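Take a look at the structure below.
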Amino acid sequence: METQRSLATRSTYRHLLLKGMAPDEAANLTAFMAGIPVGEAHWTLKQINQLLFLRQMRQTGRFGGDDTSQTH
């Protein structure tokens, strides 16, 4: 199941491609618009969505913090 955020990034990326941007340019601009630092990095749409997923997990408290203290 796709999240609302991944649908928005895919739509943005596709729109930028239709406007004539190269795939790497469109992905980097999509990352920038999602608040991901670009700099020298070159992002793919898959990487952007994965990072946004992890960011959401962290913000909702489901990832990070005390994850390492639990034993199985």
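Residue numbering restarts at 1 in every chain; chains get A, B, ... in the order shown in the structure tokens, and ligands count up from 1 in that same order.
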
Point to revise | Residues near Leu17 in chain A, cut-off 7 Å, only C-alpha atoms, skip fewer than 5 positions along chain, as a ChimeraX atom specification | key: /A:22-23,26

**Study point:** Within 9 Å of Leu29 in chain A using only C-alpha atoms, minus same-chain residues under 4 positions, as a PyMOL selection string
**Key:** chain A and resi 13+16+24-25+33-34+38

Check your understanding: In Å, how far is it from CA of Asn49 in chain A to CA of Met21 in chain A?
Key ->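 Here the two named atoms are 19.4 Å from each other.
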